[in-house]
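Everything below belongs to model.cif, which stores mmCIF, C-alpha atoms and all ligand atoms.
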data_work
#
loop_
_atom_site.label_atom_id
_atom_site.label_comp_id
_atom_site.auth_asym_id
_atom_site.auth_seq_id
_atom_site.Cartn_x
_atom_site.Cartn_y
_atom_site.Cartn_z
CA MET I 1 62.57 6.26 66.03
CA ASP I 2 59.23 7.30 67.57
CA VAL I 3 56.37 8.41 65.34
CA VAL I 4 56.84 12.16 65.93
CA THR I 5 60.57 11.99 65.12
CA LEU I 6 59.68 9.97 62.02
CA PHE I 7 57.09 12.59 61.04
CA LYS I 8 59.63 15.44 61.36
CA HIS I 9 62.10 13.45 59.32
CA LEU I 10 59.55 13.11 56.47
CA ILE I 11 58.80 16.88 56.51
CA GLU I 12 62.53 17.60 56.19
CA ARG I 13 62.71 15.58 52.96
CA LYS I 14 61.50 18.11 50.40
CA SER I 15 59.25 16.17 48.01
CA GLU I 16 57.37 18.48 45.67
CA THR I 17 55.40 16.54 43.01
CA PRO I 18 56.62 14.31 41.37
CA ASP I 19 59.85 14.24 43.43
CA ASP I 20 59.73 11.78 46.34
CA GLY I 21 62.69 13.40 48.12
CA GLY I 22 64.21 9.95 48.64
CA ILE I 23 61.33 9.02 50.96
CA LEU I 24 60.45 5.78 49.17
CA ASP I 25 64.03 4.45 49.56
CA PHE I 26 63.85 5.49 53.20
CA VAL I 27 60.55 3.59 53.67
CA GLU I 28 62.11 0.46 52.17
CA GLY I 29 64.94 0.69 54.70
CA TYR I 30 62.60 1.49 57.60
CA LEU I 31 60.37 -1.51 56.89
CA ALA I 32 63.15 -4.02 56.34
CA ASP I 33 60.85 -7.00 57.14
CA PHE I 34 58.51 -6.05 54.29
CA THR I 35 58.79 -6.98 50.59
CA PRO I 36 59.09 -3.92 48.33
CA VAL I 37 57.76 -3.57 44.78
CA ARG I 38 58.84 -0.44 42.92
CA ILE I 39 56.57 0.71 40.10
CA ASP I 40 58.13 3.84 38.61
CA ARG I 41 56.54 5.43 35.54
CA GLU I 42 57.31 8.66 33.64
CA GLY I 43 59.27 10.27 36.48
CA VAL I 44 56.68 9.26 39.10
CA LYS I 45 57.91 7.03 41.91
CA ASN I 46 55.60 4.46 43.50
CA LEU I 47 56.18 1.88 46.19
CA PHE I 48 54.00 -1.05 47.19
CA ILE I 49 55.47 -2.77 50.23
CA TYR I 50 53.86 -5.72 52.03
CA ARG I 51 54.24 -8.36 54.69
CA LYS I 52 52.24 -11.55 54.81
CA PHE I 53 51.57 -12.63 58.40
CA GLY I 54 48.83 -15.17 57.62
CA GLU I 55 46.27 -16.36 55.09
CA GLY I 56 43.53 -13.87 56.08
CA GLU I 57 42.48 -10.56 54.59
CA HIS I 58 44.77 -7.96 53.07
CA LEU I 59 44.64 -4.53 54.74
CA CYS I 60 46.45 -1.72 52.92
CA PHE I 61 47.34 1.82 54.04
CA ALA I 62 47.63 4.25 51.15
CA GLY I 63 48.92 7.75 50.67
CA HIS I 64 51.14 10.19 48.89
CA VAL I 65 54.61 11.37 49.87
CA ASP I 66 54.56 14.36 47.51
CA VAL I 67 53.54 17.85 48.61
CA VAL I 68 52.43 21.01 46.82
CA PRO I 69 55.08 23.79 46.53
CA ALA I 70 55.58 25.76 49.75
CA GLY I 71 54.69 29.16 48.23
CA GLU I 72 55.05 32.53 50.00
CA GLY I 73 54.20 33.72 53.50
CA TRP I 74 55.94 31.18 55.73
CA LYS I 75 57.19 32.22 59.20
CA THR I 76 59.52 29.20 59.35
CA ASP I 77 61.44 27.14 56.81
CA PRO I 78 58.71 24.90 55.31
CA TYR I 79 61.19 22.00 55.11
CA GLU I 80 62.55 22.26 58.62
CA ALA I 81 59.74 20.82 60.81
CA VAL I 82 60.00 23.63 63.37
CA GLU I 83 58.15 22.92 66.64
CA LYS I 84 56.77 25.94 68.48
CA ASP I 85 53.70 26.79 70.57
CA GLY I 86 52.69 23.14 70.60
CA CYS I 87 52.62 22.73 66.80
CA ILE I 88 54.95 21.30 64.19
CA TYR I 89 55.19 23.47 61.07
CA GLY I 90 56.12 22.28 57.60
CA ARG I 91 54.79 21.65 54.11
CA GLY I 92 52.93 18.34 54.22
CA ALA I 93 52.30 18.44 57.98
CA GLN I 94 48.58 17.78 57.40
CA ASP I 95 48.60 16.72 53.74
CA MET I 96 49.82 14.09 54.37
CA LYS I 97 53.14 13.27 56.00
CA SER I 98 51.42 12.94 59.39
CA GLY I 99 49.36 10.14 57.85
CA VAL I 100 52.35 8.48 56.18
CA ALA I 101 54.41 8.59 59.41
CA ALA I 102 51.48 7.19 61.44
CA PHE I 103 50.84 4.16 59.25
CA MET I 104 54.57 3.48 58.69
CA GLN I 105 55.04 3.27 62.43
CA ALA I 106 51.87 1.22 62.97
CA VAL I 107 52.78 -1.49 60.45
CA LYS I 108 56.41 -1.53 61.62
CA GLU I 109 55.38 -2.27 65.19
CA ALA I 110 52.69 -4.83 64.29
CA GLN I 111 53.75 -8.18 65.74
CA THR I 112 50.85 -10.29 64.50
CA PHE I 113 48.10 -9.95 61.93
CA GLY I 114 45.65 -12.42 60.41
CA GLY I 115 46.57 -11.72 56.80
CA THR I 116 48.67 -9.27 54.80
CA LEU I 117 49.58 -5.71 55.76
CA SER I 118 50.79 -3.32 53.09
CA LEU I 119 51.50 0.29 52.18
CA LEU I 120 50.77 1.88 48.81
CA LEU I 121 52.80 5.08 48.34
CA THR I 122 53.03 7.44 45.39
CA SER I 123 54.87 10.68 44.56
CA ASP I 124 52.11 11.92 42.25
CA GLU I 125 48.84 12.68 43.99
CA GLU I 126 49.08 16.46 43.99
CA GLY I 127 49.94 16.48 40.28
CA PRO I 128 48.14 14.87 37.33
CA ALA I 129 47.87 11.56 39.28
CA LYS I 130 48.10 9.59 36.03
CA HIS I 131 51.13 7.41 36.85
CA GLY I 132 50.70 7.07 40.60
CA THR I 133 48.10 5.07 42.52
CA VAL I 134 46.39 4.11 39.23
CA GLU I 135 49.53 2.29 38.01
CA VAL I 136 50.07 0.49 41.30
CA LEU I 137 46.46 -0.74 41.32
CA ARG I 138 46.88 -2.02 37.77
CA TRP I 139 49.98 -3.94 38.86
CA LEU I 140 48.21 -5.34 41.94
CA GLU I 141 45.28 -6.53 39.86
CA ALA I 142 47.57 -8.19 37.28
CA ASN I 143 49.42 -9.97 40.11
CA GLY I 144 46.32 -11.03 42.04
CA MET I 145 47.29 -8.88 45.03
CA LEU I 146 44.49 -6.31 45.29
CA PRO I 147 43.75 -5.55 48.97
CA ASP I 148 40.39 -6.29 50.63
CA ALA I 149 40.29 -2.95 52.44
CA VAL I 150 42.24 0.31 52.16
CA ILE I 151 42.69 3.19 54.59
CA VAL I 152 43.91 6.42 52.98
CA ALA I 153 45.48 8.71 55.59
CA GLU I 154 44.41 12.05 54.06
CA PRO I 155 43.50 14.73 56.66
CA THR I 156 39.75 14.31 57.31
CA CYS I 157 39.05 15.79 60.74
CA GLU I 158 37.15 19.06 60.90
CA GLU I 159 37.39 20.66 64.37
CA ARG I 160 38.88 18.01 66.65
CA PHE I 161 41.06 14.99 66.03
CA GLY I 162 38.73 12.00 65.64
CA ASP I 163 35.57 13.87 64.64
CA ALA I 164 35.30 12.71 60.99
CA ILE I 165 36.24 9.98 58.56
CA LYS I 166 35.42 9.96 54.88
CA ILE I 167 33.50 6.96 53.60
CA GLY I 168 33.15 8.28 50.07
CA ARG I 169 33.60 11.25 47.84
CA ARG I 170 31.42 13.10 45.40
CA GLY I 171 32.34 12.98 41.73
CA SER I 172 32.94 15.99 39.52
CA VAL I 173 31.46 16.75 36.09
CA ASN I 174 32.52 19.85 34.16
CA GLY I 175 30.37 21.19 31.35
CA VAL I 176 30.47 23.81 28.61
CA ILE I 177 27.33 24.90 26.74
CA GLU I 178 27.72 26.99 23.61
CA LYS I 179 24.62 28.71 22.38
CA ILE I 180 24.90 30.00 18.86
CA GLY I 181 22.73 33.01 17.97
CA LYS I 182 22.82 35.66 15.28
CA GLN I 183 24.73 38.89 15.83
CA GLY I 184 22.94 42.18 15.17
CA HIS I 185 22.31 45.86 15.97
CA ALA I 186 20.78 46.61 19.35
CA ALA I 187 18.26 48.91 17.63
CA TYR I 188 16.92 46.08 15.42
CA PRO I 189 16.49 43.12 17.82
CA GLU I 190 13.95 41.48 15.47
CA LYS I 191 16.69 40.96 12.88
CA ALA I 192 19.09 39.17 15.30
CA THR I 193 18.89 36.15 17.59
CA ASN I 194 20.20 37.29 20.95
CA PRO I 195 21.59 34.27 22.85
CA ILE I 196 21.59 36.20 26.15
CA HIS I 197 17.84 36.72 25.97
CA LYS I 198 17.32 33.04 25.07
CA VAL I 199 19.44 31.74 27.93
CA ALA I 200 17.92 34.23 30.39
CA GLN I 201 14.55 32.50 29.90
CA VAL I 202 15.86 29.17 31.28
CA LEU I 203 18.74 30.15 33.56
CA HIS I 204 16.65 30.59 36.70
CA ARG I 205 15.49 26.96 36.39
CA MET I 206 19.09 25.70 36.19
CA ALA I 207 21.50 27.84 38.22
CA GLY I 208 21.95 26.48 41.74
CA VAL I 209 19.24 23.85 41.24
CA ASP I 210 19.53 20.46 42.99
CA LEU I 211 19.58 17.57 40.51
CA ASP I 212 18.58 15.04 43.18
CA GLU I 213 17.63 15.15 46.84
CA GLY I 214 20.79 13.47 48.13
CA ASP I 215 20.64 10.63 50.66
CA GLU I 216 21.98 9.68 54.09
CA ASN I 217 25.55 9.72 52.76
CA PHE I 218 25.52 12.64 50.33
CA SER I 219 24.22 16.17 50.00
CA PRO I 220 22.24 16.87 46.76
CA SER I 221 24.14 17.23 43.46
CA GLN I 222 23.88 20.89 42.53
CA PHE I 223 24.13 22.55 39.11
CA VAL I 224 26.71 25.31 39.73
CA VAL I 225 27.25 27.88 36.97
CA THR I 226 30.87 29.06 36.96
CA ASP I 227 31.02 31.41 33.97
CA ILE I 228 28.78 33.00 31.35
CA ARG I 229 30.23 35.12 28.61
CA ALA I 230 28.97 36.74 25.41
CA GLY I 231 29.23 40.06 23.65
CA MET I 232 31.96 42.60 22.98
CA GLU I 233 31.55 44.94 25.98
CA VAL I 234 29.60 47.44 23.87
CA THR I 235 25.98 48.58 24.09
CA ASN I 236 25.01 48.68 20.41
CA VAL I 237 25.79 45.13 19.22
CA THR I 238 23.91 42.00 20.35
CA PRO I 239 26.21 38.94 20.44
CA GLY I 240 26.30 36.05 17.99
CA LYS I 241 27.04 33.43 20.62
CA LEU I 242 27.16 32.71 24.31
CA LYS I 243 29.30 30.34 26.34
CA MET I 244 28.26 29.02 29.73
CA MET I 245 30.44 26.86 31.96
CA PHE I 246 29.29 24.81 34.93
CA ASN I 247 30.32 22.14 37.42
CA VAL I 248 28.34 19.47 39.24
CA ARG I 249 29.83 17.73 42.28
CA ASN I 250 27.64 14.71 41.79
CA ASN I 251 26.64 12.01 44.23
CA THR I 252 25.83 8.40 43.30
CA LYS I 253 22.24 9.36 42.32
CA THR I 254 23.16 11.65 39.43
CA THR I 255 25.17 10.46 36.43
CA LYS I 256 26.79 12.30 33.57
CA GLU I 257 23.85 11.17 31.40
CA ASP I 258 21.36 12.69 33.87
CA ILE I 259 23.20 16.02 33.60
CA GLU I 260 23.10 15.81 29.81
CA ALA I 261 19.32 15.21 29.94
CA PHE I 262 18.87 18.09 32.41
CA VAL I 263 20.62 20.55 30.07
CA HIS I 264 18.68 19.23 27.08
CA ARG I 265 15.35 19.74 28.83
CA TYR I 266 15.96 23.51 28.88
CA PHE I 267 18.06 23.98 25.77
CA LYS I 268 16.27 21.66 23.35
CA GLU I 269 14.47 24.53 21.59
CA MET I 270 17.81 26.24 20.97
CA ASP I 271 20.72 25.58 18.68
CA TYR I 272 23.32 24.52 21.25
CA SER I 273 26.31 22.26 21.79
CA LEU I 274 27.30 20.62 25.07
CA THR I 275 30.66 19.22 26.16
CA LEU I 276 30.74 17.19 29.39
CA ASP I 277 33.82 15.85 31.13
CA GLN I 278 33.66 13.59 34.15
CA SER I 279 36.94 14.16 36.02
CA ALA I 280 35.97 11.93 38.96
CA ARG I 281 33.22 9.41 39.70
CA PRO I 282 31.36 9.39 43.01
CA PHE I 283 31.72 6.44 45.35
CA VAL I 284 30.65 5.39 48.82
CA THR I 285 31.75 2.54 51.09
CA ASP I 286 28.89 0.94 53.03
CA PRO I 287 29.12 2.14 56.68
CA ASP I 288 28.39 -1.46 57.75
CA THR I 289 31.60 -2.91 56.29
CA LYS I 290 34.37 -4.21 58.52
CA VAL I 291 36.88 -1.45 57.80
CA VAL I 292 34.41 1.31 58.75
CA ARG I 293 33.29 -0.48 61.93
CA THR I 294 36.89 -1.24 62.93
CA ILE I 295 38.19 2.29 62.50
CA ASP I 296 35.11 3.84 64.18
CA ALA I 297 35.77 1.66 67.24
CA ALA I 298 39.52 2.41 67.22
CA ILE I 299 38.91 6.18 67.01
CA ALA I 300 36.38 6.00 69.86
CA GLU I 301 38.88 4.08 72.00
CA VAL I 302 41.79 6.46 71.36
CA THR I 303 39.92 9.81 71.33
CA GLY I 304 36.59 9.18 73.07
CA ILE I 305 34.76 10.53 69.98
CA ARG I 306 32.56 8.67 67.50
CA PRO I 307 33.51 10.09 64.11
CA LYS I 308 30.92 11.31 61.67
CA HIS I 309 30.84 9.72 58.22
CA SER I 310 31.54 12.41 55.66
CA THR I 311 31.62 12.51 51.86
CA ALA I 312 32.33 16.24 51.56
CA GLY I 313 35.30 17.96 49.95
CA GLY I 314 37.21 17.49 46.73
CA THR I 315 38.64 14.33 45.25
CA SER I 316 41.48 12.07 46.44
CA ASP I 317 43.20 8.90 45.23
CA ALA I 318 40.53 6.91 47.13
CA ARG I 319 38.38 7.25 44.01
CA PHE I 320 40.78 5.06 42.01
CA ILE I 321 40.76 2.39 44.71
CA ALA I 322 36.95 2.37 44.91
CA GLU I 323 36.73 1.60 41.18
CA TYR I 324 38.08 -1.89 41.93
CA GLY I 325 35.21 -2.55 44.34
CA ILE I 326 37.59 -2.34 47.33
CA ASP I 327 36.21 -0.99 50.64
CA VAL I 328 38.08 2.28 51.06
CA ILE I 329 37.86 4.96 53.73
CA GLU I 330 39.98 7.97 54.70
CA PHE I 331 41.13 9.12 58.11
CA GLY I 332 43.77 11.64 59.13
CA VAL I 333 44.51 14.72 61.23
CA VAL I 334 42.50 17.98 61.32
CA ASN I 335 42.40 19.66 57.92
CA ASP I 336 42.64 23.45 58.30
CA THR I 337 45.97 24.57 56.79
CA ILE I 338 46.44 22.19 53.82
CA HIS I 339 48.14 23.78 50.80
CA ALA I 340 48.39 27.06 52.79
CA PRO I 341 51.50 28.79 54.18
CA ASN I 342 52.42 27.75 57.75
CA GLU I 343 50.80 24.31 57.38
CA CYS I 344 50.98 22.62 60.78
CA THR I 345 49.66 19.91 63.04
CA THR I 346 50.25 18.89 66.64
CA PRO I 347 52.47 16.08 67.89
CA GLU I 348 49.41 14.79 69.84
CA GLN I 349 47.50 14.26 66.59
CA VAL I 350 50.41 12.45 64.93
CA GLU I 351 50.71 10.22 67.99
CA GLY I 352 46.91 9.72 68.11
CA LEU I 353 46.74 8.79 64.44
CA TYR I 354 49.47 6.21 64.94
CA ARG I 355 47.57 4.74 67.91
CA VAL I 356 44.32 4.53 65.91
CA PHE I 357 46.06 2.73 63.02
CA PHE I 358 47.86 0.39 65.41
CA ARG I 359 44.53 -0.44 67.09
CA VAL I 360 42.91 -1.07 63.68
CA ILE I 361 45.66 -3.59 62.89
CA GLU I 362 45.11 -5.31 66.26
CA THR I 363 41.32 -5.58 65.84
CA PHE I 364 40.71 -5.90 62.09
ZN ZN T 401 46.61 14.84 50.13
#

Starting from the coordinates I provided, produce the structure as structure tokens.
Ligand SMILES: [Zn+2]
Amino acid sequence: MDVVTLFKHLIERKSETPDDGGILDFVEGYLADFTPVRIDREGVKNLFIYRKFGEGEHLCFAGHVDVVPAGEGWKTDPYEAVEKDGCIYGRGAQDMKSGVAAFMQAVKEAQTFGGTLSLLLTSDEEGPAKHGTVEVLRWLEANGMLPDAVIVAEPTCEERFGDAIKIGRRGSVNGVIEKIGKQGHAAYPEKATNPIHKVAQVLHRMAGVDLDEGDENFSPSQFVVTDIRAGMEVTNVTPGKLKMMFNVRNNTKTTKEDIEAFVHRYFKEMDYSLTLDQSARPFVTDPDTKVVRTIDAAIAEVTGIRPKHSTAGGTSDARFIAEYGIDVIEFGVVNDTIHAPNECTTPEQVEGLYRVFFRVIETF
């Protein structure tokens, strides 16, 4: 099978989270020279599959085989991999069956390697992601098999294939502030404590403010207000309390504690409560590490472009890998229709991605 045929085959296996559509069994069969380890938990299917060529470093390719539901508005069957006008359409075309097909083919065709090559695959990245990559990493640590470097094949390119890799991701902190006041009549403001008036005095120093100046890898962490509510939608009662919600996509310079201190600076004179939840931690892989240099060179060779190093966007399973101190980067096809109807990519990008991964294996 060539990589494009393999890619179409993966699209045709419907695998909405946490269903793997039988893909993991198929991978085991496809990579018959590799040793499989199945780590299935709570309906989530995971596969770690490896081949030891030598005593050197362990390079792992990671990704998810699950996709989000197709939804409405498709012009073709989302599970048919229809090729027309130079594109292949199907749910998961960009996110991320192109990536899975490319690294499957690259490791299958590898004849030599200095150390160990492996794949880490899960059927729960688009869902809660509690029993997927996290569980496999736990198993790898317990068995002394954590990789030295990981390439996650999520779609990272922006305009052209080869123009961007991700070397890190911002974290995400969600917050809720509740300001308790004292309800009253609009005609007697002196007898009430109006939380809207209190918050209005500090809001302009908080909303949209940068919490740090960023650095060469990250844009500044910004305090983004997502909701403010109070009152009863009437004009003659001032509210007894106010609730304000916010999110900070934080870089490595701003911690959850810094955000807590920032809120306290403006709210300390008020009777308030704050709940903070860090749903993801920021991380960055040093651009000077071997995996970054190797993939940059491979992309330049295959596409003629030197990719930019990005940390933009939401979160991915790379964050779990980074927590083990492993050098992790992401590279995949152009990301412009993920999770949308008529998701598609080109056969040239699937082929190009395979060639980049194959070159990385040759030169790592
Ligand atoms: Zn994805």

Which residue out of I:Thr133, I:Ser219, I:Thr337, I:Ser316 has the minimum interatomic distance to ligand ZN 401 (chain T) when only C-alpha atoms and all ligand atoms are used?
->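 Of all the options, I:Ser316 lies closest to ligand ZN 401 (chain T).
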
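Remark: for Lys8 in chain I, the closest of the candidate residues I:Tyr188, I:Tyr50, I:Phe61, I:Tyr79 is I:Tyr79 (distances computed over all atoms listed in the file).
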
Name the residues, by chain letter and number, that sit within 12 Å of ligand ZN 401 (chain T) using all atoms listed in the file, and give them as a PyMOL selection string.
-> chain I and resi 17+62-68+91-100+121-127+129+152-156+313-318+330-333+335+337-339

Selection as a PyMOL selection string: residues within 9 Å of (49.6, 20.5, 67.1), counting all atoms listed in the file = chain I and resi 83+85-89+344-350

Provide the CA of Gln111 in chain I to CA of Gly144 in chain I distance in Å, to one decimal place.
->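 Spanning CA of Gln111 in chain I to CA of Gly144 in chain I is a straight-line distance of 25.0 Å.
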
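Ranking I:Asp286, I:Asp296, I:Asp163, I:Asp40 by their shortest atom-to-atom distance to Val134 in chain I, with only C-alpha atoms included, puts I:Asp40 first.
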